[in-house]
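Shown below: model-v1.pdb, with PDB, C-alpha atoms, pLDDT in the B column.
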```pdb
ATOM      1  CA  MET A 648       0.000   0.000   0.000  1.00 43.00           C
ATOM      2  CA  PHE A 649       2.728   2.520   0.977  1.00 50.00           C
ATOM      3  CA  ASP A 650       5.804   0.713  -0.164  1.00 50.00           C
ATOM      4  CA  ARG A 651       6.389   1.936  -3.682  1.00 75.00           C
ATOM      5  CA  ILE A 652      10.132   1.532  -3.655  1.00 85.00           C
ATOM      6  CA  GLU A 653      11.357  -0.599  -6.531  1.00 89.00           C
ATOM      7  CA  ASP A 654      13.276  -3.791  -5.795  1.00 90.00           C
ATOM      8  CA  LYS A 655      16.300  -2.290  -7.532  1.00 93.00           C
ATOM      9  CA  THR A 656      16.311   0.645  -5.110  1.00 94.00           C
ATOM     10  CA  LYS A 657      15.890  -1.693  -2.148  1.00 95.00           C
ATOM     11  CA  GLU A 658      18.822  -3.687  -3.427  1.00 95.00           C
ATOM     12  CA  LYS A 659      20.980  -0.536  -3.487  1.00 95.00           C
ATOM     13  CA  LEU A 660      19.873   0.408   0.025  1.00 96.00           C
ATOM     14  CA  LEU A 661      20.633  -3.013   1.464  1.00 96.00           C
ATOM     15  CA  LYS A 662      23.989  -3.101  -0.310  1.00 95.00           C
ATOM     16  CA  CYS A 663      24.828   0.274   1.292  1.00 94.00           C
ATOM     17  CA  TRP A 664      23.709  -0.962   4.700  1.00 96.00           C
ATOM     18  CA  LYS A 665      25.830  -4.087   4.573  1.00 94.00           C
ATOM     19  CA  SER A 666      28.973  -2.105   3.790  1.00 93.00           C
ATOM     20  CA  MET A 667      28.381   0.608   6.417  1.00 94.00           C
ATOM     21  CA  SER A 668      30.417   0.950   9.607  1.00 92.00           C
ATOM     22  CA  GLU A 669      28.572   0.823  12.926  1.00 92.00           C
ATOM     23  CA  SER A 670      29.403   4.489  13.323  1.00 92.00           C
ATOM     24  CA  ASP A 671      27.679   5.357  10.028  1.00 94.00           C
ATOM     25  CA  LYS A 672      24.663   3.246  11.020  1.00 95.00           C
ATOM     26  CA  MET A 673      24.408   5.213  14.248  1.00 94.00           C
ATOM     27  CA  HIS A 674      24.570   8.532  12.388  1.00 95.00           C
ATOM     28  CA  PHE A 675      21.830   7.334  10.026  1.00 97.00           C
ATOM     29  CA  ILE A 676      19.548   6.296  12.887  1.00 96.00           C
ATOM     30  CA  ASN A 677      20.219   9.568  14.701  1.00 95.00           C
ATOM     31  CA  GLN A 678      19.291  11.597  11.624  1.00 96.00           C
ATOM     32  CA  VAL A 679      16.091   9.577  11.157  1.00 97.00           C
ATOM     33  CA  ALA A 680      15.168  10.131  14.826  1.00 95.00           C
ATOM     34  CA  ILE A 681      15.816  13.879  14.548  1.00 93.00           C
ATOM     35  CA  SER A 682      13.746  14.127  11.348  1.00 95.00           C
ATOM     36  CA  LEU A 683      10.799  12.212  12.820  1.00 96.00           C
ATOM     37  CA  SER A 684      10.917  14.431  15.901  1.00 93.00           C
ATOM     38  CA  VAL A 685      10.724  17.571  13.789  1.00 92.00           C
ATOM     39  CA  TRP A 686       8.118  16.608  11.180  1.00 94.00           C
ATOM     40  CA  GLY A 687       6.218  13.986  13.144  1.00 93.00           C
ATOM     41  CA  ASP A 688       6.536  10.233  13.563  1.00 93.00           C
ATOM     42  CA  ASP A 689       3.123   9.365  12.159  1.00 94.00           C
ATOM     43  CA  GLN A 690       2.644   7.449   8.915  1.00 94.00           C
ATOM     44  CA  GLU A 691       3.126  10.612   6.826  1.00 94.00           C
ATOM     45  CA  GLY A 692       6.395  11.346   8.617  1.00 95.00           C
ATOM     46  CA  LYS A 693       7.665   7.829   8.040  1.00 96.00           C
ATOM     47  CA  LYS A 694       6.748   8.031   4.367  1.00 95.00           C
ATOM     48  CA  LEU A 695       8.996  11.110   4.123  1.00 96.00           C
ATOM     49  CA  ILE A 696      11.881   9.072   5.557  1.00 97.00           C
ATOM     50  CA  ILE A 697      11.381   6.414   2.887  1.00 96.00           C
ATOM     51  CA  LYS A 698      11.171   9.126   0.218  1.00 95.00           C
ATOM     52  CA  VAL A 699      14.550  10.519   1.359  1.00 97.00           C
ATOM     53  CA  LEU A 700      16.057   7.014   1.264  1.00 97.00           C
ATOM     54  CA  GLN A 701      14.752   6.622  -2.265  1.00 95.00           C
ATOM     55  CA  MET A 702      16.413   9.880  -3.375  1.00 95.00           C
ATOM     56  CA  LEU A 703      19.649   8.891  -1.637  1.00 96.00           C
ATOM     57  CA  ALA A 704      19.797   5.538  -3.439  1.00 94.00           C
ATOM     58  CA  GLU A 705      18.864   7.017  -6.791  1.00 92.00           C
ATOM     59  CA  ASN A 706      21.594   9.657  -6.479  1.00 92.00           C
ATOM     60  CA  GLY A 707      24.221   6.956  -5.975  1.00 91.00           C
ATOM     61  CA  SER A 708      25.167   7.625  -2.351  1.00 93.00           C
ATOM     62  CA  ASN A 709      26.895   4.585  -0.931  1.00 91.00           C
ATOM     63  CA  THR A 710      26.110   5.178   2.730  1.00 95.00           C
ATOM     64  CA  LEU A 711      22.807   5.892   4.444  1.00 97.00           C
ATOM     65  CA  ALA A 712      24.763   8.235   6.736  1.00 96.00           C
ATOM     66  CA  ASP A 713      24.325  10.765   3.890  1.00 96.00           C
ATOM     67  CA  PHE A 714      20.625  10.882   4.832  1.00 97.00           C
ATOM     68  CA  GLY A 715      20.667  14.498   6.088  1.00 96.00           C
ATOM     69  CA  LEU A 716      22.122  15.777   2.827  1.00 96.00           C
ATOM     70  CA  TYR A 717      18.950  14.759   0.968  1.00 96.00           C
ATOM     71  CA  VAL A 718      16.243  16.022   3.304  1.00 96.00           C
ATOM     72  CA  GLU A 719      16.096  19.448   1.670  1.00 94.00           C
ATOM     73  CA  ASN A 720      15.442  17.745  -1.698  1.00 94.00           C
ATOM     74  CA  LEU A 721      12.003  16.828  -0.331  1.00 95.00           C
ATOM     75  CA  LEU A 722      11.038  20.472  -0.912  1.00 94.00           C
ATOM     76  CA  ASP A 723      11.181  19.824  -4.669  1.00 91.00           C
ATOM     77  CA  ALA A 724       9.109  16.651  -4.366  1.00 90.00           C
ATOM     78  CA  ASP A 725       5.347  16.342  -4.334  1.00 87.00           C
ATOM     79  CA  ILE A 726       4.902  17.173  -0.640  1.00 88.00           C
ATOM     80  CA  PRO A 727       1.928  18.957   1.002  1.00 88.00           C
ATOM     81  CA  GLU A 728       2.694  22.679   1.492  1.00 90.00           C
ATOM     82  CA  GLN A 729       1.991  22.553   5.238  1.00 89.00           C
ATOM     83  CA  LYS A 730       4.816  20.023   5.696  1.00 90.00           C
ATOM     84  CA  LYS A 731       7.440  22.199   4.022  1.00 93.00           C
ATOM     85  CA  PRO A 732       8.332  24.514   6.948  1.00 93.00           C
ATOM     86  CA  LYS A 733       9.010  21.452   9.116  1.00 94.00           C
ATOM     87  CA  ILE A 734      11.123  19.872   6.389  1.00 95.00           C
ATOM     88  CA  LYS A 735      13.164  23.089   6.121  1.00 91.00           C
ATOM     89  CA  ARG A 736      13.684  23.107   9.883  1.00 90.00           C
ATOM     90  CA  ALA A 737      14.690  19.437   9.904  1.00 91.00           C
ATOM     91  CA  ALA A 738      17.198  20.098   7.098  1.00 91.00           C
ATOM     92  CA  LEU A 739      18.798  22.915   9.111  1.00 88.00           C
ATOM     93  CA  ILE A 740      18.977  20.882  12.308  1.00 89.00           C
ATOM     94  CA  LEU A 741      20.497  17.963  10.422  1.00 91.00           C
ATOM     95  CA  GLU A 742      23.054  20.309   8.888  1.00 88.00           C
ATOM     96  CA  GLY A 743      24.007  21.360  12.413  1.00 85.00           C
ATOM     97  CA  TYR A 744      24.170  17.719  13.510  1.00 88.00           C
ATOM     98  CA  ARG A 745      26.452  16.870  10.602  1.00 89.00           C
ATOM     99  CA  LEU A 746      28.748  19.795  11.390  1.00 84.00           C
ATOM    100  CA  LYS A 747      28.891  18.827  15.034  1.00 82.00           C
ATOM    101  CA  GLU A 748      29.685  15.206  14.212  1.00 85.00           C
ATOM    102  CA  GLY A 749      32.198  16.062  11.484  1.00 88.00           C
ATOM    103  CA  LEU A 750      30.195  14.359   8.728  1.00 90.00           C
ATOM    104  CA  PRO A 751      31.007  15.292   5.111  1.00 89.00           C
ATOM    105  CA  SER A 752      29.087  18.075   3.407  1.00 86.00           C
ATOM    106  CA  ILE A 753      28.901  16.190   0.114  1.00 85.00           C
ATOM    107  CA  PRO A 754      27.469  12.711  -0.565  1.00 89.00           C
ATOM    108  CA  HIS A 755      29.709   9.652  -0.610  1.00 85.00           C
ATOM    109  CA  ARG A 756      29.620   8.530  -4.218  1.00 80.00           C
ATOM    110  CA  ASP A 757      31.961   6.193  -6.053  1.00 72.00           C
ATOM    111  CA  ILE A 758      34.007   7.552  -8.917  1.00 66.00           C
ATOM    112  CA  THR A 759      36.218   5.524 -11.190  1.00 57.00           C
ATOM    113  CA  LEU A 760      39.825   6.660 -11.371  1.00 58.00           C
TER     114      LEU A 760
ATOM    115  CA  MET B1040      53.991  47.869 -14.988  1.00 53.00           C
ATOM    116  CA  ARG B1041      53.894  44.085 -15.103  1.00 54.00           C
ATOM    117  CA  THR B1042      50.858  42.558 -16.806  1.00 60.00           C
ATOM    118  CA  SER B1043      51.657  38.848 -16.708  1.00 69.00           C
ATOM    119  CA  PRO B1044      53.712  36.490 -14.510  1.00 71.00           C
ATOM    120  CA  SER B1045      57.329  36.013 -15.456  1.00 79.00           C
ATOM    121  CA  SER B1046      58.418  32.700 -16.926  1.00 78.00           C
ATOM    122  CA  ARG B1047      60.115  31.910 -13.594  1.00 79.00           C
ATOM    123  CA  GLU B1048      56.831  32.523 -11.724  1.00 78.00           C
ATOM    124  CA  LYS B1049      54.938  30.411 -14.229  1.00 77.00           C
ATOM    125  CA  LYS B1050      57.450  27.596 -13.740  1.00 78.00           C
ATOM    126  CA  ASP B1051      57.123  27.808  -9.938  1.00 78.00           C
ATOM    127  CA  LEU B1052      53.332  27.718 -10.157  1.00 76.00           C
ATOM    128  CA  ARG B1053      53.414  24.739 -12.494  1.00 77.00           C
ATOM    129  CA  GLU B1054      55.803  22.870 -10.192  1.00 78.00           C
ATOM    130  CA  SER B1055      53.708  23.656  -7.155  1.00 76.00           C
ATOM    131  CA  PHE B1056      50.529  22.423  -8.877  1.00 73.00           C
ATOM    132  CA  ASN B1057      52.253  19.272 -10.126  1.00 74.00           C
ATOM    133  CA  ASN B1058      53.491  18.547  -6.603  1.00 74.00           C
ATOM    134  CA  PHE B1059      49.954  18.937  -5.308  1.00 71.00           C
ATOM    135  CA  LEU B1060      48.581  16.501  -7.906  1.00 70.00           C
ATOM    136  CA  GLU B1061      51.372  14.021  -7.212  1.00 74.00           C
ATOM    137  CA  ASN B1062      50.560  14.076  -3.507  1.00 72.00           C
ATOM    138  CA  VAL B1063      46.821  13.597  -4.018  1.00 68.00           C
ATOM    139  CA  PHE B1064      47.126  10.806  -6.548  1.00 68.00           C
ATOM    140  CA  GLY B1065      50.068   9.287  -4.693  1.00 73.00           C
ATOM    141  CA  ARG B1066      47.842   8.925  -1.634  1.00 68.00           C
ATOM    142  CA  ALA B1067      45.041   7.579  -3.828  1.00 65.00           C
ATOM    143  CA  ASN B1068      47.326   4.909  -5.243  1.00 67.00           C
ATOM    144  CA  GLU B1069      48.545   3.979  -1.749  1.00 67.00           C
ATOM    145  CA  ILE B1070      44.947   3.353  -0.687  1.00 59.00           C
ATOM    146  CA  ILE B1071      44.212   1.291  -3.784  1.00 57.00           C
ATOM    147  CA  GLU B1072      47.400  -0.747  -3.377  1.00 62.00           C
ATOM    148  CA  LYS B1073      46.581  -1.501   0.228  1.00 59.00           C
ATOM    149  CA  GLY B1074      43.417  -3.097  -1.118  1.00 54.00           C
ATOM    150  CA  LYS B1075      41.164  -1.007   1.090  1.00 50.00           C
ATOM    151  CA  THR B1076      39.007  -0.088  -1.862  1.00 45.00           C
ATOM    152  CA  PRO B1077      39.362  -0.244  -5.652  1.00 44.00           C
ATOM    153  CA  ARG B1078      37.760   3.166  -5.973  1.00 48.00           C
ATOM    154  CA  LEU B1079      37.775   6.446  -4.104  1.00 47.00           C
ATOM    155  CA  THR B1080      34.763   8.433  -3.049  1.00 48.00           C
ATOM    156  CA  LEU B1081      34.468  12.147  -3.681  1.00 45.00           C
ATOM    157  CA  ALA B1082      34.487  12.664   0.076  1.00 55.00           C
ATOM    158  CA  GLU B1083      37.757  10.785   0.301  1.00 54.00           C
ATOM    159  CA  LEU B1084      39.256  12.986  -2.383  1.00 51.00           C
ATOM    160  CA  GLU B1085      37.963  16.072  -0.608  1.00 55.00           C
ATOM    161  CA  ARG B1086      39.559  14.824   2.602  1.00 60.00           C
ATOM    162  CA  LEU B1087      42.870  14.183   0.855  1.00 57.00           C
ATOM    163  CA  ALA B1088      42.874  17.647  -0.658  1.00 55.00           C
ATOM    164  CA  LEU B1089      41.966  19.253   2.657  1.00 61.00           C
ATOM    165  CA  GLU B1090      44.689  17.318   4.448  1.00 65.00           C
ATOM    166  CA  ARG B1091      47.112  18.667   1.916  1.00 60.00           C
ATOM    167  CA  ARG B1092      45.891  22.202   2.488  1.00 60.00           C
ATOM    168  CA  GLU B1093      45.981  21.710   6.220  1.00 65.00           C
ATOM    169  CA  GLU B1094      49.596  20.611   6.015  1.00 65.00           C
ATOM    170  CA  ALA B1095      50.341  23.738   4.033  1.00 62.00           C
ATOM    171  CA  GLY B1096      48.499  25.822   6.625  1.00 61.00           C
ATOM    172  CA  GLU B1097      45.969  26.957   4.068  1.00 49.00           C
ATOM    173  CA  ALA B1098      42.806  25.365   5.442  1.00 45.00           C
ATOM    174  CA  GLY B1099      40.487  27.097   7.847  1.00 45.00           C
ATOM    175  CA  THR B1100      39.986  24.945  10.935  1.00 47.00           C
ATOM    176  CA  GLU B1101      36.198  24.959  10.494  1.00 44.00           C
ATOM    177  CA  LYS B1102      36.236  23.511   6.974  1.00 43.00           C
ATOM    178  CA  ALA B1103      38.829  20.937   7.904  1.00 42.00           C
ATOM    179  CA  ARG B1104      36.687  19.856  10.852  1.00 43.00           C
ATOM    180  CA  VAL B1105      33.681  19.254   8.610  1.00 43.00           C
ATOM    181  CA  VAL B1106      35.322  16.437   6.718  1.00 42.00           C
ATOM    182  CA  ARG B1107      37.383  14.942   9.532  1.00 42.00           C
ATOM    183  CA  GLU B1108      36.936  11.189   9.906  1.00 43.00           C
ATOM    184  CA  THR B1109      34.579  10.213  12.661  1.00 45.00           C
ATOM    185  CA  GLU B1110      35.297   7.521  15.173  1.00 46.00           C
ATOM    186  CA  VAL B1111      35.156   4.017  13.724  1.00 48.00           C
ATOM    187  CA  ARG B1112      33.272   1.663  15.962  1.00 50.00           C
ATOM    188  CA  PRO B1113      33.627  -2.114  16.010  1.00 54.00           C
ATOM    189  CA  VAL B1114      30.825  -4.478  14.976  1.00 57.00           C
ATOM    190  CA  ILE B1115      28.345  -4.596  17.831  1.00 64.00           C
ATOM    191  CA  GLU B1116      25.191  -6.135  19.253  1.00 68.00           C
ATOM    192  CA  THR B1117      21.936  -4.369  18.342  1.00 64.00           C
ATOM    193  CA  ASN B1118      21.173  -3.332  21.939  1.00 83.00           C
ATOM    194  CA  GLN B1119      24.587  -1.679  22.003  1.00 87.00           C
ATOM    195  CA  MET B1120      23.554   0.365  18.959  1.00 88.00           C
ATOM    196  CA  GLU B1121      20.492   1.615  20.838  1.00 90.00           C
ATOM    197  CA  LYS B1122      22.740   2.665  23.747  1.00 88.00           C
ATOM    198  CA  TRP B1123      24.997   4.592  21.363  1.00 88.00           C
ATOM    199  CA  VAL B1124      22.030   6.202  19.616  1.00 89.00           C
ATOM    200  CA  ARG B1125      20.489   7.279  22.920  1.00 88.00           C
ATOM    201  CA  GLY B1126      23.829   8.429  24.306  1.00 86.00           C
ATOM    202  CA  SER B1127      24.760  10.508  21.283  1.00 83.00           C
ATOM    203  CA  LEU B1128      21.285  12.012  20.945  1.00 85.00           C
ATOM    204  CA  ALA B1129      21.230  12.879  24.635  1.00 82.00           C
ATOM    205  CA  ALA B1130      24.442  14.831  24.080  1.00 78.00           C
ATOM    206  CA  LEU B1131      22.694  17.149  21.607  1.00 76.00           C
ATOM    207  CA  GLU B1132      21.334  20.507  22.652  1.00 67.00           C
ATOM    208  CA  LYS B1133      18.003  20.206  24.455  1.00 65.00           C
ATOM    209  CA  LYS B1134      16.085  22.140  21.803  1.00 62.00           C
ATOM    210  CA  ILE B1135      16.886  19.513  19.146  1.00 66.00           C
ATOM    211  CA  SER B1136      16.639  16.393  21.302  1.00 74.00           C
ATOM    212  CA  PRO B1137      14.452  13.835  19.531  1.00 84.00           C
ATOM    213  CA  SER B1138      11.298  12.499  21.162  1.00 88.00           C
ATOM    214  CA  GLU B1139      11.202   9.017  22.687  1.00 92.00           C
ATOM    215  CA  LYS B1140       8.688   7.889  20.047  1.00 94.00           C
ATOM    216  CA  ALA B1141      10.953   9.088  17.245  1.00 94.00           C
ATOM    217  CA  ILE B1142      13.953   7.221  18.703  1.00 94.00           C
ATOM    218  CA  VAL B1143      11.891   4.024  18.999  1.00 95.00           C
ATOM    219  CA  SER B1144      10.679   4.375  15.385  1.00 96.00           C
ATOM    220  CA  ALA B1145      14.217   4.996  14.154  1.00 96.00           C
ATOM    221  CA  MET B1146      15.460   1.922  16.014  1.00 96.00           C
ATOM    222  CA  GLU B1147      12.674  -0.143  14.410  1.00 96.00           C
ATOM    223  CA  LEU B1148      13.989   0.943  11.021  1.00 97.00           C
ATOM    224  CA  TYR B1149      17.489  -0.076  12.162  1.00 96.00           C
ATOM    225  CA  HIS B1150      16.217  -3.579  13.010  1.00 95.00           C
ATOM    226  CA  ILE B1151      14.500  -3.872   9.616  1.00 96.00           C
ATOM    227  CA  PHE B1152      17.775  -3.140   7.829  1.00 96.00           C
ATOM    228  CA  GLU B1153      19.853  -5.237  10.193  1.00 94.00           C
ATOM    229  CA  ASN B1154      17.593  -8.300   9.886  1.00 94.00           C
ATOM    230  CA  ALA B1155      16.938  -8.190   6.129  1.00 94.00           C
ATOM    231  CA  PRO B1156      18.926 -10.917   4.369  1.00 94.00           C
ATOM    232  CA  THR B1157      17.580  -9.907   0.920  1.00 94.00           C
ATOM    233  CA  PRO B1158      16.126  -6.684  -0.569  1.00 94.00           C
ATOM    234  CA  LYS B1159      12.653  -8.254  -0.552  1.00 92.00           C
ATOM    235  CA  ASP B1160      12.870  -8.444   3.237  1.00 93.00           C
ATOM    236  CA  LEU B1161      13.102  -4.652   3.512  1.00 94.00           C
ATOM    237  CA  ASP B1162       9.463  -4.340   4.496  1.00 92.00           C
ATOM    238  CA  PHE B1163       9.004  -0.599   4.800  1.00 94.00           C
ATOM    239  CA  ASN B1164       5.193  -0.980   4.812  1.00 93.00           C
ATOM    240  CA  ARG B1165       5.414  -2.772   8.133  1.00 91.00           C
ATOM    241  CA  TRP B1166       7.485   0.073   9.535  1.00 94.00           C
ATOM    242  CA  ILE B1167       5.197   2.817   8.174  1.00 94.00           C
ATOM    243  CA  VAL B1168       2.026   1.201   9.497  1.00 91.00           C
ATOM    244  CA  GLY B1169       3.798   0.567  12.812  1.00 79.00           C
TER     245      GLY B1169
END
```
Represent the structure contained in this file as structure tokens.
Amino acid sequence: MFDRIEDKTKEKLLKCWKSMSESDKMHFINQVAISLSVWGDDQEGKKLIIKVLQMLAENGSNTLADFGLYVENLLDADIPEQKKPKIKRAALILEGYRLKEGLPSIPHRDITL
Amino acid sequence: MRTSPSSREKKDLRESFNNFLENVFGRANEIIEKGKTPRLTLAELERLALERREEAGEAGTEKARVVRETEVRPVIETNQMEKWVRGSLAALEKKISPSEKAIVSAMELYHIFENAPTPKDLDFNRWIVG
């Protein structure tokens, strides 16, 4: 009913997860918890989390710890207007979290040398 | 009045730039040879470049801090992860501390990922419905 993520995207997400350090997993969970706190942890809020994961996988990030870098992209997605101020606030808080924790300001993506 | 750099200055600049490239790609090759990874991420390249700048005293401390490696933790039990999550979130400023419900939901998502042997087992519907 809600799960519209393609198998291919799920495959990318699980591949990322399996290669992530415990530290990166913790940062991912922390960013999810912060986001849900800001925009609500109801079904709509959880759907936004999945939407961010979808964008992350489609952009080629290879760690879910990049989560916070994609939250602002929700503003360009088909999201109800009343949710947007909370998404903006979550994006700012996550930016602060990433600065505090020394997380990169650009996504982790593979390039071929 | 001088309008362009002298040939000596041009040579110095070229040498300096070549040295920079040699250092960056030298480090890249070291990593590849060690077998850590066959490819480099953009973040890794950014870190290498910033390290180089830092050594040369050119990097602002704030920017260098942004890309500094975070602590690498060993593989752990799932209840240990919850302790780390709660501990690190508790260390945040009070105004951005996540709610208990949000932490529990986030941990549920962690368990879904951790216990999914195949992509088909990533049952996000179950998590959304709660």
**OP:** Please evaluate the PyMOL selection byres ((chain A and resi 664) around 12) against the displayed coordinates and give the resulting residues as a PyMOL selection string.
**Re:** (chain A and resi 657-663+665-673+675-676+700+704+708-713) or (chain B and resi 1148-1158+1161)
Could you save those same residues with C-alpha atoms as an mmCIF file, in the frame of the given file?
```cif
data_model
loop_
_atom_site.group_PDB
_atom_site.id
_atom_site.type_symbol
_atom_site.label_atom_id
_atom_site.label_comp_id
_atom_site.auth_asym_id
_atom_site.auth_seq_id
_atom_site.Cartn_x
_atom_site.Cartn_y
_atom_site.Cartn_z
ATOM 1 C CA LYS A 657 15.890 -1.693 -2.148
ATOM 2 C CA GLU A 658 18.822 -3.687 -3.427
ATOM 3 C CA LYS A 659 20.980 -0.536 -3.487
ATOM 4 C CA LEU A 660 19.873 0.408 0.025
ATOM 5 C CA LEU A 661 20.633 -3.013 1.464
ATOM 6 C CA LYS A 662 23.989 -3.101 -0.310
ATOM 7 C CA CYS A 663 24.828 0.274 1.292
ATOM 8 C CA LYS A 665 25.830 -4.087 4.573
ATOM 9 C CA SER A 666 28.973 -2.105 3.790
ATOM 10 C CA MET A 667 28.381 0.608 6.417
ATOM 11 C CA SER A 668 30.417 0.950 9.607
ATOM 12 C CA GLU A 669 28.572 0.823 12.926
ATOM 13 C CA SER A 670 29.403 4.489 13.323
ATOM 14 C CA ASP A 671 27.679 5.357 10.028
ATOM 15 C CA LYS A 672 24.663 3.246 11.020
ATOM 16 C CA MET A 673 24.408 5.213 14.248
ATOM 17 C CA PHE A 675 21.830 7.334 10.026
ATOM 18 C CA ILE A 676 19.548 6.296 12.887
ATOM 19 C CA LEU A 700 16.057 7.014 1.264
ATOM 20 C CA ALA A 704 19.797 5.538 -3.439
ATOM 21 C CA SER A 708 25.167 7.625 -2.351
ATOM 22 C CA ASN A 709 26.895 4.585 -0.931
ATOM 23 C CA THR A 710 26.110 5.178 2.730
ATOM 24 C CA LEU A 711 22.807 5.892 4.444
ATOM 25 C CA ALA A 712 24.763 8.235 6.736
ATOM 26 C CA ASP A 713 24.325 10.765 3.890
ATOM 27 C CA LEU B 1148 13.989 0.943 11.021
ATOM 28 C CA TYR B 1149 17.489 -0.076 12.162
ATOM 29 C CA HIS B 1150 16.217 -3.579 13.010
ATOM 30 C CA ILE B 1151 14.500 -3.872 9.616
ATOM 31 C CA PHE B 1152 17.775 -3.140 7.829
ATOM 32 C CA GLU B 1153 19.853 -5.237 10.193
ATOM 33 C CA ASN B 1154 17.593 -8.300 9.886
ATOM 34 C CA ALA B 1155 16.938 -8.190 6.129
ATOM 35 C CA PRO B 1156 18.926 -10.917 4.369
ATOM 36 C CA THR B 1157 17.580 -9.907 0.920
ATOM 37 C CA PRO B 1158 16.126 -6.684 -0.569
ATOM 38 C CA LEU B 1161 13.102 -4.652 3.512
#
```
Original post:
Which value, in Å to one decimal, gives the distance between atom CA of B:Glu1139 and atom CA of B:Met1120?
Top reply: 15.5 Å
Original post:
Using all atoms listed in the file, which residue out of B:Val1124, B:Val1168, B:Leu1052, B:Ala1129 lies closest to A:Gln678?
Top reply: B:Val1124
**OP:** Write out as a ChimeraX atom specification the residues lying within 10 Å of A:Asn720, counting all atoms listed in the file and excluding same-chain residues fewer than 5 positions away.
**Re:** /A:698-699,702-703,715,734-735,738
Subject >> Residues within 8 Å of A:Asn677, all atoms listed in the file, excluding chain neighbours under 3 positions, as a list in words >> reply: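 So the residues in contact are Met673, His674, Ala680 and Ile681 of chain A; Val1124, Leu1128, Ile1142 and Ala1145 of chain B.
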Original post:
Within 9 Å of (12.5, 10.4, 18.3), in the coordinates the file gives, what residues turn up when you count all atoms listed in the file, written out as JSON, numbers by chain?
Top reply: {"A": [677, 679, 680, 681, 682, 683, 684, 685, 687, 688], "B": [1136, 1137, 1138, 1139, 1140, 1141, 1142, 1143, 1144, 1145]}
Where's the centre, and what are the edge lengths in Å to one decimal, of a box along x, y and z enclosing all listed atoms of stretch 1053-1058 of chain B padded 6 Å per side, as JSON?
```
{"center_x": 53.2, "center_y": 21.6, "center_z": -9.5, "size_x": 17.3, "size_y": 18.2, "size_z": 17.9}
```
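Between atom CA of A:Gln729 and atom CA of B:Asn1164 the interatomic distance comes to 23.8 Å.
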N, CA and C atoms restored at stretch 738-752 of chain A, emitted as a short mmCIF file (atom, residue, chain, number, x, y, z; two decimals), in the coordinates of the input:
```cif
data_model
loop_
_atom_site.label_atom_id
_atom_site.label_comp_id
_atom_site.auth_asym_id
_atom_site.auth_seq_id
_atom_site.Cartn_x
_atom_site.Cartn_y
_atom_site.Cartn_z
N ALA A 738 15.98 20.03 7.92
CA ALA A 738 17.20 20.10 7.10
C ALA A 738 18.26 20.94 7.80
N LEU A 739 17.84 22.05 8.41
CA LEU A 739 18.80 22.92 9.11
C LEU A 739 19.38 22.23 10.34
N ILE A 740 18.50 21.57 11.10
CA ILE A 740 18.98 20.88 12.31
C ILE A 740 19.95 19.77 11.93
N LEU A 741 19.61 19.06 10.86
CA LEU A 741 20.50 17.96 10.42
C LEU A 741 21.84 18.51 9.94
N GLU A 742 21.80 19.69 9.32
CA GLU A 742 23.05 20.31 8.89
C GLU A 742 23.93 20.59 10.12
N GLY A 743 23.28 21.11 11.17
CA GLY A 743 24.01 21.36 12.41
C GLY A 743 24.55 20.08 13.02
N TYR A 744 23.74 19.02 12.98
CA TYR A 744 24.17 17.72 13.51
C TYR A 744 25.40 17.24 12.74
N ARG A 745 25.35 17.37 11.43
CA ARG A 745 26.45 16.87 10.60
C ARG A 745 27.73 17.66 10.86
N LEU A 746 27.57 18.97 11.06
CA LEU A 746 28.75 19.80 11.39
C LEU A 746 29.33 19.37 12.72
N LYS A 747 28.45 19.19 13.69
CA LYS A 747 28.89 18.83 15.03
C LYS A 747 29.62 17.48 15.03
N GLU A 748 29.11 16.55 14.23
CA GLU A 748 29.68 15.21 14.21
C GLU A 748 30.81 15.05 13.18
N GLY A 749 31.12 16.13 12.47
CA GLY A 749 32.20 16.06 11.48
C GLY A 749 31.87 15.19 10.28
N LEU A 750 30.59 15.16 9.90
CA LEU A 750 30.20 14.36 8.73
C LEU A 750 30.40 15.19 7.46
N PRO A 751 30.72 14.54 6.34
CA PRO A 751 31.01 15.29 5.11
C PRO A 751 29.82 16.12 4.63
N SER A 752 30.14 17.20 3.91
CA SER A 752 29.09 18.08 3.41
C SER A 752 28.69 17.71 1.98
#
```
